[in-house]
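Report on the following structure.
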Amino acid sequence: AIGDDPQAALEYLVPEEDGSTDEDGTWVPGQATTDRWTMLTSRDWHKHAPGLDALTAVTGAASSFRNRAPSESDPDVPVTADARATYACGRAMSYFGGEGFTKKDFADTMKTNLAVVMANSSQDVSTAAARRSLGRGATSAGLAATDIASLIYRFGDHQDAMTTLATGLGQYHHNKLEEAMNDPDANENGLRDGYQQVAASSSYLQTLSEFRFADDKKKDSEEQTTTVDTSLSVLNAVSSAGLTALTDEAAAFTTGSTIANPLISSQVTDALGTSTGDPYTDLKAQSYAAGLNYGLFSTDSDKGRQRAIDTAKDHDWYHEDENGNPAIDTTALTGDQASDAVTWRKNQVTNSDDKGVLNDLDTSIATGEDLGKDSAESNNGPRRT
C-alpha cells in the first residue's frame, strides 16, 4: 500500500516534476498538485472512515522526508524531498486541524497517523508553542498556529498519538541543543534557550491534552494523568538522550531520524523507563547535569567557596569519565535524584558564578513553561471542537 511506501506517498501528494523550490527553499506547487489537494480536501470523507485512515497514513509516510537531505548515510532522499514534505504537512495540518473536522471525526488510526505528521513537523509545533511566527514553508501551504493547536487537541486524549508526537519533539529539541552546545562559541545561553524551548513544548502539549480531557468531562481522570505524564516524560528523556535510547523501536524510524510509523506508548516507556517525578523538576535536574557535562561551571573557587562540581560529587546522580570530567547520564535520573539535584542547587551551591548559571537555567525553564501554557490558551489556541 502507498501508505507503507514513503517515496510513493510523497510522489502521490506532491509530485517532483510538478513544481519547484523558490530562492528560500519553499516548494511552489504546479497546477496538478494544487488540483490534487483540492480534490482530496473537498471530498466528503465523513461517510468513509477507511478513506481518511488511508489519506492520513499516506501523509504520515510522506512526512518522514521532512528535514532530510541526500547524504552518505541517507543516500536515497530526493533533493527536493524536504521542501515537498513540508508542503504536504502544511496542507494536511491546516486541513485536519481546520474547521472541516471536529474531534468526533478522529478515529484512533487517524489520531496516530496524524501524530506522525506532527512529530515530523516538530519545528512548527515548537514554534507555535513558543509563540513565534511560523516559517514560510508552512504558511505558504496555508498553515496557522491555531491549526496546530486544534490538531493536537483532537488527538490529545490518545496516549500512543501523544507519545509519538512527544518522541518527535524530543528528537527535534535534542538536535537543537546539540547543535547549540557543539558550536565552538557555545556558552550557557545556548543551553538556557534550548531548555526554555523544551519547557515551552512540554507545557503546550500538557495544556492542549488537558483541554481535551476537560471538554470530554474527564478532567483529572487517571487516563488524563497517564497520558500527560507519559508524553512529558518521553519528551524530556528523548530531548536529553535522542532516539538512540529507543534502539528496540528502530524499525519505526528512518535513517534520517524521522518517524516512519506511529509508536506504541508502552514500548517507548519500556525502553526509556518512566520518570516518577514532576516533569519540570526532572527538566531542571537534566539542565543542571547538562551544564556540568558541558563544562559551564567555574574551574576556580569563589572566595573560598566550593565550586558546584565539588559539591555535586557527594550525590549518587553524579558520575565522571576516566579523565575525571563530569559525565552524568541525564536520562537515568530518577524522580528522587531529580528532586535531590534541585535541593543541591538551592542549599549546597554557594559559588556565585555557578549559582548564577543554575538560577538562569531554572528561570528559563519556568519562562518556557509559562510560554507554552499561554500559547495554548491564547487566540492561537485550539478550536475546541
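Letters A, B, ... mark the chains of the C-alpha cells in the order given; residue numbers begin at 1 per chain; ligand numbers begin at 1, in order shown.
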
Practice prompt. Excluding A:Gly97 and residues on its chain fewer than 5 positions from it, collect all residues at most 9 Å away from it, counting only C-alpha atoms, and give them as a ChimeraX atom specification.
Written response: /A:92,102,146-154,382-383

Write out as a PDB file with all heavy atoms, in the first residue's frame all residues of stretch 293-327 of chain A that backbone DSSP assigns to helix (DSSP H, G or I).
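Saved file out.pdb follows:
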ATOM      1  N   ASN A 293      28.065  18.589  32.475  1.00  0.00           N
ATOM      2  CA  ASN A 293      28.691  17.806  31.401  1.00  0.00           C
ATOM      3  C   ASN A 293      29.369  18.694  30.359  1.00  0.00           C
ATOM      4  O   ASN A 293      30.420  18.347  29.828  1.00  0.00           O
ATOM      5  CB  ASN A 293      27.653  16.929  30.689  1.00  0.00           C
ATOM      6  CG  ASN A 293      27.157  15.777  31.554  1.00  0.00           C
ATOM      7  OD1 ASN A 293      27.756  15.454  32.569  1.00  0.00           O
ATOM      8  ND2 ASN A 293      26.066  15.159  31.147  1.00  0.00           N
ATOM      9  N   ALA A 308      30.595  24.339  42.225  1.00  0.00           N
ATOM     10  CA  ALA A 308      29.416  23.473  42.108  1.00  0.00           C
ATOM     11  C   ALA A 308      29.826  22.025  41.886  1.00  0.00           C
ATOM     12  O   ALA A 308      29.266  21.095  42.455  1.00  0.00           O
ATOM     13  CB  ALA A 308      28.547  23.942  40.943  1.00  0.00           C
ATOM     14  N   ILE A 309      30.865  21.854  41.077  1.00  0.00           N
ATOM     15  CA  ILE A 309      31.282  20.498  40.718  1.00  0.00           C
ATOM     16  C   ILE A 309      31.769  19.727  41.958  1.00  0.00           C
ATOM     17  O   ILE A 309      31.552  18.526  42.087  1.00  0.00           O
ATOM     18  CB  ILE A 309      32.375  20.576  39.621  1.00  0.00           C
ATOM     19  CG1 ILE A 309      32.518  19.257  38.896  1.00  0.00           C
ATOM     20  CG2 ILE A 309      33.673  21.076  40.123  1.00  0.00           C
ATOM     21  CD1 ILE A 309      33.259  19.408  37.571  1.00  0.00           C
ATOM     22  N   ASP A 310      32.407  20.452  42.915  1.00  0.00           N
ATOM     23  CA  ASP A 310      32.904  19.774  44.122  1.00  0.00           C
ATOM     24  C   ASP A 310      31.753  19.328  45.015  1.00  0.00           C
ATOM     25  O   ASP A 310      31.805  18.248  45.618  1.00  0.00           O
ATOM     26  CB  ASP A 310      33.830  20.714  44.915  1.00  0.00           C
ATOM     27  CG  ASP A 310      35.078  21.074  44.126  1.00  0.00           C
ATOM     28  OD1 ASP A 310      35.540  20.212  43.352  1.00  0.00           O
ATOM     29  OD2 ASP A 310      35.560  22.209  44.256  1.00  0.00           O
ATOM     30  N   THR A 311      30.723  20.152  45.113  1.00  0.00           N
ATOM     31  CA  THR A 311      29.596  19.767  45.982  1.00  0.00           C
ATOM     32  C   THR A 311      28.737  18.699  45.313  1.00  0.00           C
ATOM     33  O   THR A 311      28.045  17.944  45.985  1.00  0.00           O
ATOM     34  CB  THR A 311      28.726  20.998  46.311  1.00  0.00           C
ATOM     35  OG1 THR A 311      28.290  21.597  45.091  1.00  0.00           O
ATOM     36  CG2 THR A 311      29.490  22.017  47.135  1.00  0.00           C
ATOM     37  N   ALA A 312      28.779  18.610  43.971  1.00  0.00           N
ATOM     38  CA  ALA A 312      27.959  17.603  43.267  1.00  0.00           C
ATOM     39  C   ALA A 312      28.501  16.199  43.475  1.00  0.00           C
ATOM     40  O   ALA A 312      27.746  15.215  43.415  1.00  0.00           O
ATOM     41  CB  ALA A 312      27.916  17.930  41.773  1.00  0.00           C
TER      42      ALA A 312
END

Discussion item. Neighbouring residues of A:Leu246 were defined as those with any atom within 10 Å, considering only C-alpha atoms; residues of the same chain fewer than 3 positions away were excluded. Please report them as a PyMOL selection string.
Written reply: chain A and resi 167+238+241-243+249-253+267-272

Write the residues you've just listed into a file as a JSON list (two decimals), in the first residue's frame, and include all heavy atoms for each of them.
[["chain", "number", "residue", "atom", "x", "y", "z"],
["A", 167, "THR", "N", 7.89, 12.05, 21.13],
["A", 167, "THR", "CA", 9.17, 11.48, 20.69],
["A", 167, "THR", "C", 9.79, 12.35, 19.59],
["A", 167, "THR", "O", 10.97, 12.67, 19.62],
["A", 167, "THR", "CB", 8.97, 10.04, 20.19],
["A", 167, "THR", "OG1", 8.36, 9.26, 21.23],
["A", 167, "THR", "CG2", 10.29, 9.39, 19.80],
["A", 238, "VAL", "N", 13.80, 11.98, 25.60],
["A", 238, "VAL", "CA", 14.35, 11.97, 24.23],
["A", 238, "VAL", "C", 15.08, 13.28, 23.95],
["A", 238, "VAL", "O", 16.10, 13.29, 23.25],
["A", 238, "VAL", "CB", 13.24, 11.69, 23.19],
["A", 238, "VAL", "CG1", 13.80, 11.73, 21.77],
["A", 238, "VAL", "CG2", 12.60, 10.33, 23.43],
["A", 241, "ALA", "N", 18.48, 12.37, 25.55],
["A", 241, "ALA", "CA", 19.29, 11.26, 25.02],
["A", 241, "ALA", "C", 19.20, 11.09, 23.51],
["A", 241, "ALA", "O", 20.05, 10.46, 22.91],
["A", 241, "ALA", "CB", 18.84, 9.97, 25.69],
["A", 242, "GLY", "N", 18.15, 11.64, 22.89],
["A", 242, "GLY", "CA", 17.96, 11.39, 21.46],
["A", 242, "GLY", "C", 17.35, 10.02, 21.21],
["A", 242, "GLY", "O", 17.09, 9.25, 22.15],
["A", 243, "LEU", "N", 17.15, 9.70, 19.96],
["A", 243, "LEU", "CA", 16.48, 8.45, 19.60],
["A", 243, "LEU", "C", 17.33, 7.22, 19.88],
["A", 243, "LEU", "O", 16.83, 6.10, 19.87],
["A", 243, "LEU", "CB", 16.13, 8.46, 18.10],
["A", 243, "LEU", "CG", 15.07, 9.48, 17.67],
["A", 243, "LEU", "CD1", 14.85, 9.39, 16.18],
["A", 243, "LEU", "CD2", 13.76, 9.23, 18.40],
["A", 249, "GLU", "N", 13.05, 0.10, 19.14],
["A", 249, "GLU", "CA", 11.96, 0.59, 18.27],
["A", 249, "GLU", "C", 12.52, 1.11, 16.96],
["A", 249, "GLU", "O", 11.85, 1.84, 16.23],
["A", 249, "GLU", "CB", 11.18, 1.72, 18.97],
["A", 249, "GLU", "CG", 10.13, 1.24, 19.93],
["A", 249, "GLU", "CD", 10.72, 0.51, 21.12],
["A", 249, "GLU", "OE1", 11.57, 1.11, 21.78],
["A", 249, "GLU", "OE2", 10.36, -0.64, 21.36],
["A", 250, "ALA", "N", 13.77, 0.74, 16.64],
["A", 250, "ALA", "CA", 14.46, 1.32, 15.49],
["A", 250, "ALA", "C", 13.65, 1.22, 14.19],
["A", 250, "ALA", "O", 13.75, 2.09, 13.32],
["A", 250, "ALA", "CB", 15.82, 0.65, 15.30],
["A", 251, "ALA", "N", 12.85, 0.19, 14.06],
["A", 251, "ALA", "CA", 12.08, 0.00, 12.82],
["A", 251, "ALA", "C", 11.10, 1.13, 12.58],
["A", 251, "ALA", "O", 10.67, 1.36, 11.45],
["A", 251, "ALA", "CB", 11.33, -1.33, 12.88],
["A", 252, "ALA", "N", 10.73, 1.84, 13.63],
["A", 252, "ALA", "CA", 9.75, 2.92, 13.48],
["A", 252, "ALA", "C", 10.40, 4.20, 12.96],
["A", 252, "ALA", "O", 9.70, 5.16, 12.64],
["A", 252, "ALA", "CB", 9.07, 3.20, 14.81],
["A", 253, "PHE", "N", 11.74, 4.22, 12.86],
["A", 253, "PHE", "CA", 12.43, 5.45, 12.46],
["A", 253, "PHE", "C", 13.12, 5.29, 11.11],
["A", 253, "PHE", "O", 13.51, 4.20, 10.72],
["A", 253, "PHE", "CB", 13.47, 5.85, 13.52],
["A", 253, "PHE", "CG", 12.89, 5.98, 14.89],
["A", 253, "PHE", "CD1", 13.17, 5.07, 15.88],
["A", 253, "PHE", "CD2", 12.00, 7.01, 15.16],
["A", 253, "PHE", "CE1", 12.59, 5.19, 17.14],
["A", 253, "PHE", "CE2", 11.42, 7.13, 16.42],
["A", 253, "PHE", "CZ", 11.72, 6.21, 17.41],
["A", 267, "GLN", "N", 5.81, 0.53, 24.57],
["A", 267, "GLN", "CA", 7.14, 0.11, 24.11],
["A", 267, "GLN", "C", 8.16, 1.23, 24.32],
["A", 267, "GLN", "O", 9.31, 0.97, 24.68],
["A", 267, "GLN", "CB", 7.08, -0.28, 22.62],
["A", 267, "GLN", "CG", 6.29, -1.55, 22.37],
["A", 267, "GLN", "CD", 6.18, -1.90, 20.89],
["A", 267, "GLN", "OE1", 6.65, -1.16, 20.02],
["A", 267, "GLN", "NE2", 5.56, -3.03, 20.61],
["A", 268, "VAL", "N", 7.72, 2.46, 24.08],
["A", 268, "VAL", "CA", 8.63, 3.60, 24.27],
["A", 268, "VAL", "C", 9.00, 3.75, 25.74],
["A", 268, "VAL", "O", 10.18, 3.90, 26.09],
["A", 268, "VAL", "CB", 7.98, 4.90, 23.74],
["A", 268, "VAL", "CG1", 8.85, 6.11, 24.06],
["A", 268, "VAL", "CG2", 7.75, 4.80, 22.24],
["A", 269, "THR", "N", 7.99, 3.66, 26.62],
["A", 269, "THR", "CA", 8.29, 3.85, 28.05],
["A", 269, "THR", "C", 9.08, 2.66, 28.60],
["A", 269, "THR", "O", 9.92, 2.83, 29.49],
["A", 269, "THR", "CB", 7.01, 4.06, 28.88],
["A", 269, "THR", "OG1", 6.08, 3.02, 28.60],
["A", 269, "THR", "CG2", 6.36, 5.39, 28.54],
["A", 270, "ASP", "N", 8.88, 1.46, 28.04],
["A", 270, "ASP", "CA", 9.69, 0.31, 28.47],
["A", 270, "ASP", "C", 11.16, 0.57, 28.13],
["A", 270, "ASP", "O", 12.06, 0.22, 28.90],
["A", 270, "ASP", "CB", 9.24, -0.98, 27.78],
["A", 270, "ASP", "CG", 7.93, -1.51, 28.35],
["A", 270, "ASP", "OD1", 7.47, -0.96, 29.38],
["A", 270, "ASP", "OD2", 7.34, -2.44, 27.76],
["A", 271, "ALA", "N", 11.40, 1.16, 26.96],
["A", 271, "ALA", "CA", 12.78, 1.41, 26.53],
["A", 271, "ALA", "C", 13.42, 2.55, 27.31],
["A", 271, "ALA", "O", 14.60, 2.49, 27.65],
["A", 271, "ALA", "CB", 12.80, 1.74, 25.04],
["A", 272, "LEU", "N", 12.63, 3.58, 27.62],
["A", 272, "LEU", "CA", 13.20, 4.77, 28.27],
["A", 272, "LEU", "C", 13.16, 4.68, 29.79],
["A", 272, "LEU", "O", 13.91, 5.35, 30.48],
["A", 272, "LEU", "CB", 12.40, 6.02, 27.86],
["A", 272, "LEU", "CG", 12.48, 6.47, 26.41],
["A", 272, "LEU", "CD1", 11.50, 7.60, 26.18],
["A", 272, "LEU", "CD2", 13.90, 6.93, 26.08]]

Using only C-alpha atoms, find each residue of stretch 107-131 of chain A with at least one atom at most 9 Å away from an atom of stretch 43-57 of chain A; report its shortest atom-to-atom pair and that distance in Å (one decimal), sort the rows by chain and rising residue number, and return the result as a Markdown table.
| residue | atom | partner | partner_atom | distance |
| --- | --- | --- | --- | --- |
| A:Ala107 | CA | A:Ala49 | CA | 7.8 |
| A:Thr109 | CA | A:Asp53 | CA | 6.0 |
| A:Met110 | CA | A:Asp53 | CA | 5.4 |
| A:Lys111 | CA | A:Thr56 | CA | 8.7 |
| A:Thr112 | CA | A:Thr56 | CA | 8.9 |
| A:Asn113 | CA | A:Ala57 | CA | 5.4 |
| A:Leu114 | CA | A:Thr56 | CA | 6.1 |
| A:Val116 | CA | A:Ala57 | CA | 8.9 |
| A:Val117 | CA | A:Thr56 | CA | 8.4 |

Save out the residues we just selected, C-alpha atoms, as a PDB file, in the first residue's frame.
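out_0.pdb, freshly written:
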ATOM      1  CA  ALA A 107     -10.848   7.593  14.740  1.00  0.00           C
ATOM      2  CA  THR A 109      -5.977   5.239  13.325  1.00  0.00           C
ATOM      3  CA  MET A 110      -6.336   8.844  12.157  1.00  0.00           C
ATOM      4  CA  LYS A 111      -5.070  10.104  15.507  1.00  0.00           C
ATOM      5  CA  THR A 112      -1.886   8.032  15.415  1.00  0.00           C
ATOM      6  CA  ASN A 113      -1.222   8.739  11.706  1.00  0.00           C
ATOM      7  CA  LEU A 114      -1.618  12.487  12.194  1.00  0.00           C
ATOM      8  CA  VAL A 116       3.366  11.054  12.878  1.00  0.00           C
ATOM      9  CA  VAL A 117       2.797  14.113  10.646  1.00  0.00           C
TER      10      VAL A 117
END

Practice prompt. Extract, using only C-alpha atoms, all DNA, RNA and protein residues at most 8 Å from A:His158, discarding same-chain residues fewer than 4 positions from it, and format them as a count of residues only.
Written response: 4

Discussion item. What's around A:Ser126 at 8 Å? Count only C-alpha atoms, leave out sequence neighbours fewer than 5 positions away in its own chain, and write the answer as a ChimeraX atom specification.
Written reply: /A:169,197,200-201

Can you write just those residues out, C-alpha atoms, as a PDB file, in the first residue's frame?
ATOM      1  CA  LEU A 169       9.516  16.825  19.510  1.00  0.00           C
ATOM      2  CA  GLN A 197      12.106  25.676  24.335  1.00  0.00           C
ATOM      3  CA  ALA A 200       7.508  25.524  26.264  1.00  0.00           C
ATOM      4  CA  SER A 201       6.807  22.450  24.113  1.00  0.00           C
TER       5      SER A 201
END

Practice prompt. From a DSSP pass on the backbone, collect the residues of stretch 14-185 of chain A flagged as strand (DSSP E or B) and hand them back as a ChimeraX atom specification.
Written response: /A:19-21,27-29

For the selection you just gave me, I'd like the residues written to a file as a PDB file, in the first residue's frame, keeping C-alpha atoms.
ATOM      1  CA  GLY A  19       6.597  22.321  -9.076  1.00  0.00           C
ATOM      2  CA  SER A  20       9.927  23.721  -7.911  1.00  0.00           C
ATOM      3  CA  THR A  21      11.630  25.335  -4.935  1.00  0.00           C
ATOM      4  CA  TRP A  27       8.073  24.404  -2.531  1.00  0.00           C
ATOM      5  CA  VAL A  28       5.919  26.120  -5.154  1.00  0.00           C
ATOM      6  CA  PRO A  29       3.458  23.515  -6.441  1.00  0.00           C
TER       7      PRO A  29
END

Practice prompt. Considering only C-alpha atoms, return as a PyMOL selection string whatever protein or nucleic-acid residues lie within 9 Å of stretch 1-15 of chain A, sequence-local ones (same chain, fewer than 3 positions apart) excluded.
Written response: chain A and resi 18-19+29-30+32-34+36-37+54-65+77-78+81+84-85+87-88+260-261

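With distances restricted to only C-alpha atoms, A:Met93 is the closest residue to A:Ala144 from A:Leu205, A:Met93, A:Ala130, A:Ala119.
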
Worksheet item: Which residues, written as a PyMOL selection string, have at least one atom at most 12 Å from A:Val349, with only C-alpha atoms counted and residues fewer than 6 positions away on the same chain left out?
Response: chain A and resi 288+297-298+301-302+305-313+341-343+355-359

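Between atom CA of A:Ser203 and atom CA of A:Thr226 there is a distance of 15.4 Å.
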